[in-house]
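Q: Handing you a structure now.
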Amino acid sequence: MRTNLHPDEALVLVLDAASEAHRYLAREQIPLEHALGRALAEEIRSPIDHPPFDKAAMDGFAYRKGEPRSTYTVIDAVPAGRASESPLGEGEAIRIMTGAPIPLGATGVQRVEWTREAGTDAQGRPLITFTLQEKITNIIARGENLRQGELLLSPRILQPQDIGILATGGIAQVSVYRKPRVCVISTGNEIVAAGTPLPPSCIFDSNGPQLVAQAQMAGAEARFLGIVPDREEDLRRTLAEALAASDIVILSGGVSMGDFDLIPKVLRQLEVEPVFHTLKMRPGKPTFFGRRDRVAVFGLPGNPVSTFVNFEVFVKPYVLACMGLDHTPRTVRARLASPLSRKGSDRVEFHPCTLEKDELGMLARPLQYHGSSMITVLAHAQVLVRMELGQERIEAGEYLNARLIRA
Ligand code: AMP
Ligand code: MG
């Protein structure tokens with residue numbers, strides 16, 4: 001087991017475990033309408049040309065481009081959804097709506113705004129005069145967007161536009177990874193659930209509901225196994241249940257070096273192999289990571305800001321990577337609005353900041369906060385700014401990549 005690890009090294013170990021778990025994560029076929037937020041497990045190639053036929057990009061008149069004339073006889077009208085049966089001859093035009101197939105023989109569409117009605121010909125057919133010359137064809141060619149067999153979509157978390165792209169190809173079922181099953185456990189004698197009275201010396205459980213929500217946001221299926229007191233038998237029972245029922249177990253509390261911090265010991269009894277315990281990181285020094293077979297166990301410190309940040313830095317990448325997805329955090333380039341300084345630089349520090357905008361771009365403004373129990377700082381924080389080992393100060397105005405923590 002590694003101790004006092006740099007968080008970047010710790011992340012490598014976490015991702016190693018995730019890539020192994022990825023090999024065993026099952027896939028399932030689901031209907032497209034249930035696929036939002038799911039991890040697409042396959043490359044999807046287009047079964048059709050898109051668009052499937054040459055079509056009009058404008059309401060107007062289909063005609064033979066390049067004829068030396070400006071007045072045409074209108075021989076038919078085609079709405080979207082059907083093709084004209086009349087092939088287009090010299091001097092003829094067909095009224096056409098956006099999305100309708102281009103009639104045989106036509107090579108361009110004159111937009112309706114650039115036409116004027118010009119009475120009828122000898123047979124009483126309507127005439128139309130073009131008032132301006134189109135430079136472009138206003139035709140979207142068959143397969144111009146995508147050819148049959150070309151890549152429609154690569155694996156990713158499916159967002160609404162991805163659903164649209166798949167539907168464009170007529171895809172009604174997709175193969176996605178099964179959501180990793182996460183069990184969340186809160187520990188501590190002093191922790192009680194919201195919705196119950198608050199006894200003296202106790203605090204409400206914020207980590208449990210928050211971790212469940214974070215896990216769901218990351219694409220996992222999360223279940224809360226409850227609040228467990230700092231008692232070996234209770235912890236062992238609940239942890240054994242969690243290990244049997246999940247791909248990922250997340251605990252909060254009980255991993256520091258206090259007298260009641262029993263988690264590492266109980267995990268050892270349950271044959272969880274410790275990978276690391278303690279990091280050069282603030283918040284989150286006592287973080288534990290271990291494995292039993294293909295189950296990953298994260299023991300996060302109980303302080304709510306630590307719990308939040310450590311989920312972001314380690315658990316979320318694990319969840320994404322075990323579904324084979326990119327886990328790179330989203331960042332924004334910003335200038336620091338006021339200096340960040342600290343005494344001692346033996347830990348990588350993640351500092352919550354607001355995000356503002358001025359005439360030069362984005363500004364990250366450090367939030368005052370006194371320790372990682374101050375969870376309300378997260379109500380204002382949009383980003384985390386990272387201070388490296390050996391870095392005691394970042395000056396105002398310095399550019400940095402701030403890590404986004406809000407959707
Ligand atoms: P621990 O990591 O167990 O030493 O807890 C560190 C601090 O976080 C203590 O002040 C705990 O009361 C607090 N804490 C632990 N678990 C939770 C929780 N589930 N919700 C809110 N605060 C917690
Ligand atoms: Mg505790």
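Every chain in the structure tokens has a letter given in the order shown (A, B, ...), and although residue numbers restart at 1 in each chain, ligands are simply numbered from 1 in the order shown.
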Please, which residues of region 58-293 of chain A, numbered as in this document, come out helix (DSSP H, G or I) from DSSP, as a ChimeraX atom specification?
A: /A:112-114,160-168,207-217,232-245,263-269
Q: Please identify every polymer residue within 7 Å of ligand 1, using only C-alpha atoms and all ligand atoms, and present the set as a ChimeraX atom specification.
A: /A:186-188,190-191,203-208,252-256,258,261,301-304,373
Q: Residues of the last selection are to be written out with N, CA, C and O atoms, as a PDB file, in the first residue's frame.
A:
ATOM      1  N   SER A 186     -22.479   6.309   4.740  1.00  0.00           N
ATOM      2  CA  SER A 186     -21.978   7.371   5.614  1.00  0.00           C
ATOM      3  C   SER A 186     -21.612   6.734   6.943  1.00  0.00           C
ATOM      4  O   SER A 186     -22.340   5.867   7.426  1.00  0.00           O
ATOM      5  N   THR A 187     -20.509   7.160   7.521  1.00  0.00           N
ATOM      6  CA  THR A 187     -20.134   6.605   8.825  1.00  0.00           C
ATOM      7  C   THR A 187     -19.965   7.720   9.849  1.00  0.00           C
ATOM      8  O   THR A 187     -19.625   8.844   9.497  1.00  0.00           O
ATOM      9  N   GLY A 188     -20.207   7.382  11.092  1.00  0.00           N
ATOM     10  CA  GLY A 188     -19.981   8.325  12.195  1.00  0.00           C
ATOM     11  C   GLY A 188     -21.105   8.258  13.207  1.00  0.00           C
ATOM     12  O   GLY A 188     -22.283   8.284  12.839  1.00  0.00           O
ATOM     13  N   GLU A 190     -21.990  10.510  15.117  1.00  0.00           N
ATOM     14  CA  GLU A 190     -22.627  11.817  15.263  1.00  0.00           C
ATOM     15  C   GLU A 190     -23.536  12.156  14.085  1.00  0.00           C
ATOM     16  O   GLU A 190     -24.110  13.229  14.028  1.00  0.00           O
ATOM     17  N   ILE A 191     -23.660  11.248  13.118  1.00  0.00           N
ATOM     18  CA  ILE A 191     -24.334  11.587  11.861  1.00  0.00           C
ATOM     19  C   ILE A 191     -25.782  11.084  11.900  1.00  0.00           C
ATOM     20  O   ILE A 191     -26.029   9.909  12.186  1.00  0.00           O
ATOM     21  N   ILE A 203     -24.801  15.970  13.806  1.00  0.00           N
ATOM     22  CA  ILE A 203     -24.973  16.777  12.592  1.00  0.00           C
ATOM     23  C   ILE A 203     -25.704  15.935  11.552  1.00  0.00           C
ATOM     24  O   ILE A 203     -25.695  14.700  11.612  1.00  0.00           O
ATOM     25  N   PHE A 204     -26.311  16.640  10.640  1.00  0.00           N
ATOM     26  CA  PHE A 204     -27.024  15.933   9.579  1.00  0.00           C
ATOM     27  C   PHE A 204     -26.031  15.352   8.581  1.00  0.00           C
ATOM     28  O   PHE A 204     -24.962  15.922   8.328  1.00  0.00           O
ATOM     29  N   ASP A 205     -26.430  14.259   8.002  1.00  0.00           N
ATOM     30  CA  ASP A 205     -25.628  13.599   6.961  1.00  0.00           C
ATOM     31  C   ASP A 205     -25.733  14.389   5.663  1.00  0.00           C
ATOM     32  O   ASP A 205     -26.772  14.393   5.012  1.00  0.00           O
ATOM     33  N   SER A 206     -24.656  15.045   5.291  1.00  0.00           N
ATOM     34  CA  SER A 206     -24.680  15.707   3.981  1.00  0.00           C
ATOM     35  C   SER A 206     -23.935  14.866   2.953  1.00  0.00           C
ATOM     36  O   SER A 206     -24.248  14.887   1.762  1.00  0.00           O
ATOM     37  N   ASN A 207     -22.961  14.113   3.405  1.00  0.00           N
ATOM     38  CA  ASN A 207     -22.147  13.367   2.432  1.00  0.00           C
ATOM     39  C   ASN A 207     -22.930  12.278   1.719  1.00  0.00           C
ATOM     40  O   ASN A 207     -22.744  12.068   0.515  1.00  0.00           O
ATOM     41  N   GLY A 208     -23.782  11.587   2.462  1.00  0.00           N
ATOM     42  CA  GLY A 208     -24.521  10.474   1.857  1.00  0.00           C
ATOM     43  C   GLY A 208     -25.339  10.947   0.659  1.00  0.00           C
ATOM     44  O   GLY A 208     -25.116  10.499  -0.473  1.00  0.00           O
ATOM     45  N   SER A 252     -17.918   7.573   3.448  1.00  0.00           N
ATOM     46  CA  SER A 252     -17.401   8.851   3.931  1.00  0.00           C
ATOM     47  C   SER A 252     -17.192   8.758   5.420  1.00  0.00           C
ATOM     48  O   SER A 252     -17.973   8.124   6.139  1.00  0.00           O
ATOM     49  N   GLY A 253     -16.098   9.372   5.854  1.00  0.00           N
ATOM     50  CA  GLY A 253     -15.748   9.396   7.275  1.00  0.00           C
ATOM     51  C   GLY A 253     -14.970   8.154   7.672  1.00  0.00           C
ATOM     52  O   GLY A 253     -14.932   7.150   6.944  1.00  0.00           O
ATOM     53  N   GLY A 254     -14.309   8.275   8.815  1.00  0.00           N
ATOM     54  CA  GLY A 254     -13.680   7.097   9.404  1.00  0.00           C
ATOM     55  C   GLY A 254     -12.377   6.641   8.776  1.00  0.00           C
ATOM     56  O   GLY A 254     -11.933   5.526   9.038  1.00  0.00           O
ATOM     57  N   VAL A 255     -11.765   7.495   7.944  1.00  0.00           N
ATOM     58  CA  VAL A 255     -10.495   7.069   7.341  1.00  0.00           C
ATOM     59  C   VAL A 255      -9.289   7.852   7.863  1.00  0.00           C
ATOM     60  O   VAL A 255      -8.168   7.639   7.421  1.00  0.00           O
ATOM     61  N   SER A 256      -9.528   8.783   8.805  1.00  0.00           N
ATOM     62  CA  SER A 256      -8.382   9.523   9.349  1.00  0.00           C
ATOM     63  C   SER A 256      -7.695   8.651  10.390  1.00  0.00           C
ATOM     64  O   SER A 256      -7.927   7.448  10.460  1.00  0.00           O
ATOM     65  N   GLY A 258      -7.992   8.988  13.686  1.00  0.00           N
ATOM     66  CA  GLY A 258      -8.626   9.094  15.005  1.00  0.00           C
ATOM     67  C   GLY A 258      -8.953   7.721  15.595  1.00  0.00           C
ATOM     68  O   GLY A 258      -8.906   6.702  14.903  1.00  0.00           O
ATOM     69  N   ASP A 261     -11.669   5.794  13.796  1.00  0.00           N
ATOM     70  CA  ASP A 261     -11.543   5.664  12.349  1.00  0.00           C
ATOM     71  C   ASP A 261     -11.174   4.230  12.005  1.00  0.00           C
ATOM     72  O   ASP A 261     -10.009   3.850  11.902  1.00  0.00           O
ATOM     73  N   PRO A 301     -12.588  11.201   3.221  1.00  0.00           N
ATOM     74  CA  PRO A 301     -12.670  11.865   4.512  1.00  0.00           C
ATOM     75  C   PRO A 301     -14.060  12.453   4.723  1.00  0.00           C
ATOM     76  O   PRO A 301     -14.730  12.834   3.757  1.00  0.00           O
ATOM     77  N   GLY A 302     -14.478  12.540   5.974  1.00  0.00           N
ATOM     78  CA  GLY A 302     -15.851  12.942   6.268  1.00  0.00           C
ATOM     79  C   GLY A 302     -16.155  14.408   6.064  1.00  0.00           C
ATOM     80  O   GLY A 302     -17.319  14.784   5.859  1.00  0.00           O
ATOM     81  N   ASN A 303     -15.144  15.251   6.122  1.00  0.00           N
ATOM     82  CA  ASN A 303     -15.425  16.672   5.952  1.00  0.00           C
ATOM     83  C   ASN A 303     -16.043  16.926   4.591  1.00  0.00           C
ATOM     84  O   ASN A 303     -15.490  16.507   3.570  1.00  0.00           O
ATOM     85  N   PRO A 304     -17.186  17.582   4.562  1.00  0.00           N
ATOM     86  CA  PRO A 304     -17.969  17.622   3.328  1.00  0.00           C
ATOM     87  C   PRO A 304     -17.260  18.217   2.111  1.00  0.00           C
ATOM     88  O   PRO A 304     -17.451  17.719   1.001  1.00  0.00           O
ATOM     89  N   SER A 373     -14.822  21.721   6.427  1.00  0.00           N
ATOM     90  CA  SER A 373     -16.188  21.433   6.882  1.00  0.00           C
ATOM     91  C   SER A 373     -17.158  22.501   6.392  1.00  0.00           C
ATOM     92  O   SER A 373     -18.363  22.378   6.564  1.00  0.00           O
TER      93      SER A 373
END
Q: Taking only region 221-286 of chain A into account, list the residues labelled strand (DSSP E) by DSSP (computed from the backbone), as an mmCIF file with N, CA and C atoms, in the first residue's frame.
A:
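Listing of selection.cif after writing:
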data_model
loop_
_atom_site.group_PDB
_atom_site.id
_atom_site.type_symbol
_atom_site.label_atom_id
_atom_site.label_comp_id
_atom_site.auth_asym_id
_atom_site.auth_seq_id
_atom_site.Cartn_x
_atom_site.Cartn_y
_atom_site.Cartn_z
ATOM 1 N N GLU A 221 -25.266 4.107 -11.194
ATOM 2 C CA GLU A 221 -26.527 3.841 -10.507
ATOM 3 C C GLU A 221 -26.171 3.759 -9.027
ATOM 4 N N ALA A 222 -26.707 4.686 -8.242
ATOM 5 C CA ALA A 222 -26.221 4.784 -6.861
ATOM 6 C C ALA A 222 -27.300 4.403 -5.862
ATOM 7 N N ARG A 223 -26.860 3.712 -4.834
ATOM 8 C CA ARG A 223 -27.771 3.280 -3.779
ATOM 9 C C ARG A 223 -27.152 3.696 -2.458
ATOM 10 N N PHE A 224 -27.977 4.199 -1.569
ATOM 11 C CA PHE A 224 -27.489 4.607 -0.255
ATOM 12 C C PHE A 224 -27.733 3.480 0.726
ATOM 13 N N LEU A 225 -26.685 3.026 1.387
ATOM 14 C CA LEU A 225 -26.841 1.919 2.340
ATOM 15 C C LEU A 225 -27.011 2.400 3.776
ATOM 16 N N GLY A 226 -27.055 3.709 3.962
ATOM 17 C CA GLY A 226 -27.386 4.215 5.285
ATOM 18 C C GLY A 226 -26.200 4.770 6.059
ATOM 19 N N ILE A 227 -26.524 5.205 7.264
ATOM 20 C CA ILE A 227 -25.516 5.779 8.156
ATOM 21 C C ILE A 227 -25.117 4.688 9.147
ATOM 22 N N VAL A 228 -23.843 4.432 9.232
ATOM 23 C CA VAL A 228 -23.371 3.348 10.089
ATOM 24 C C VAL A 228 -22.527 3.947 11.216
ATOM 25 N N ILE A 248 -18.605 -0.295 -7.190
ATOM 26 C CA ILE A 248 -17.862 0.773 -6.517
ATOM 27 C C ILE A 248 -18.514 1.003 -5.153
ATOM 28 N N VAL A 249 -17.693 1.017 -4.110
ATOM 29 C CA VAL A 249 -18.193 1.337 -2.772
ATOM 30 C C VAL A 249 -17.585 2.686 -2.373
ATOM 31 N N ILE A 250 -18.440 3.594 -1.946
ATOM 32 C CA ILE A 250 -17.920 4.885 -1.480
ATOM 33 C C ILE A 250 -18.336 5.069 -0.026
ATOM 34 N N LEU A 251 -17.330 5.273 0.805
ATOM 35 C CA LEU A 251 -17.583 5.529 2.225
ATOM 36 C C LEU A 251 -17.205 6.958 2.517
ATOM 37 N N SER A 252 -17.918 7.573 3.448
ATOM 38 C CA SER A 252 -17.401 8.851 3.931
ATOM 39 C C SER A 252 -17.192 8.758 5.420
ATOM 40 N N GLU A 273 -7.981 -5.168 -0.693
ATOM 41 C CA GLU A 273 -6.542 -4.907 -0.793
ATOM 42 C C GLU A 273 -6.315 -3.395 -0.883
ATOM 43 N N PRO A 274 -5.621 -2.807 0.094
ATOM 44 C CA PRO A 274 -5.433 -1.362 0.048
ATOM 45 C C PRO A 274 -4.457 -0.986 -1.079
ATOM 46 N N VAL A 275 -4.797 0.030 -1.839
ATOM 47 C CA VAL A 275 -3.908 0.505 -2.905
ATOM 48 C C VAL A 275 -3.165 1.757 -2.416
ATOM 49 N N PHE A 276 -3.916 2.686 -1.858
ATOM 50 C CA PHE A 276 -3.240 3.807 -1.185
ATOM 51 C C PHE A 276 -4.100 4.311 -0.044
ATOM 52 N N HIS A 277 -3.427 4.945 0.903
ATOM 53 C CA HIS A 277 -4.104 5.571 2.031
ATOM 54 C C HIS A 277 -3.250 6.762 2.430
ATOM 55 N N THR A 278 -3.814 7.919 2.352
ATOM 56 C CA THR A 278 -3.211 9.254 2.596
ATOM 57 C C THR A 278 -2.535 9.812 1.343
ATOM 58 N N LEU A 279 -2.816 11.079 1.144
ATOM 59 C CA LEU A 279 -2.363 11.784 -0.055
ATOM 60 C C LEU A 279 -1.716 13.110 0.329
ATOM 61 N N MET A 281 -2.469 16.065 -0.389
ATOM 62 C CA MET A 281 -3.575 16.787 -1.020
ATOM 63 C C MET A 281 -4.402 17.478 0.052
ATOM 64 N N ARG A 282 -4.862 18.681 -0.300
ATOM 65 C CA ARG A 282 -5.782 19.391 0.576
ATOM 66 C C ARG A 282 -6.922 19.932 -0.274
#
Q: Of the residues A:Asn189, A:Arg406, A:Pro366, A:Pro283, which is the one nearest to ligand 2, using only C-alpha atoms and all ligand atoms?
A: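 Closest to ligand 2, using only C-alpha atoms and all ligand atoms: A:Asn189.
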Q: Name all residues at most 7 Å from region 113-121 of chain A (count only C-alpha atoms; drop same-chain ones fewer than 3 positions away) and give them as a PDB file with N, CA and C atoms, in the first residue's frame.
A:
ATOM      1  N   GLY A 124     -52.307  28.666 -70.298  1.00  0.00           N
ATOM      2  CA  GLY A 124     -52.857  29.047 -68.999  1.00  0.00           C
ATOM      3  C   GLY A 124     -52.008  28.603 -67.821  1.00  0.00           C
ATOM      4  N   ARG A 125     -50.742  28.118 -68.111  1.00  0.00           N
ATOM      5  CA  ARG A 125     -49.872  27.705 -66.999  1.00  0.00           C
ATOM      6  C   ARG A 125     -49.168  28.937 -66.411  1.00  0.00           C
ATOM      7  N   PRO A 126     -48.975  28.947 -65.088  1.00  0.00           N
ATOM      8  CA  PRO A 126     -48.366  30.134 -64.473  1.00  0.00           C
ATOM      9  C   PRO A 126     -46.923  30.357 -64.937  1.00  0.00           C
ATOM     10  N   LEU A 127     -46.575  31.616 -65.042  1.00  0.00           N
ATOM     11  CA  LEU A 127     -45.189  31.981 -65.375  1.00  0.00           C
ATOM     12  C   LEU A 127     -44.564  32.647 -64.155  1.00  0.00           C
ATOM     13  N   ILE A 128     -43.237  32.477 -64.048  1.00  0.00           N
ATOM     14  CA  ILE A 128     -42.530  33.083 -62.933  1.00  0.00           C
ATOM     15  C   ILE A 128     -41.260  33.754 -63.465  1.00  0.00           C
ATOM     16  N   THR A 129     -40.961  34.921 -62.955  1.00  0.00           N
ATOM     17  CA  THR A 129     -39.734  35.607 -63.369  1.00  0.00           C
ATOM     18  C   THR A 129     -38.775  35.682 -62.188  1.00  0.00           C
ATOM     19  N   PHE A 130     -37.510  35.359 -62.473  1.00  0.00           N
ATOM     20  CA  PHE A 130     -36.470  35.443 -61.422  1.00  0.00           C
ATOM     21  C   PHE A 130     -35.951  36.871 -61.388  1.00  0.00           C
ATOM     22  N   THR A 131     -35.960  37.486 -60.213  1.00  0.00           N
ATOM     23  CA  THR A 131     -35.579  38.896 -60.121  1.00  0.00           C
ATOM     24  C   THR A 131     -34.097  39.070 -59.815  1.00  0.00           C
ATOM     25  N   LEU A 132     -33.485  38.115 -59.161  1.00  0.00           N
ATOM     26  CA  LEU A 132     -32.045  38.155 -58.867  1.00  0.00           C
ATOM     27  C   LEU A 132     -31.476  36.795 -59.221  1.00  0.00           C
TER      28      LEU A 132
END
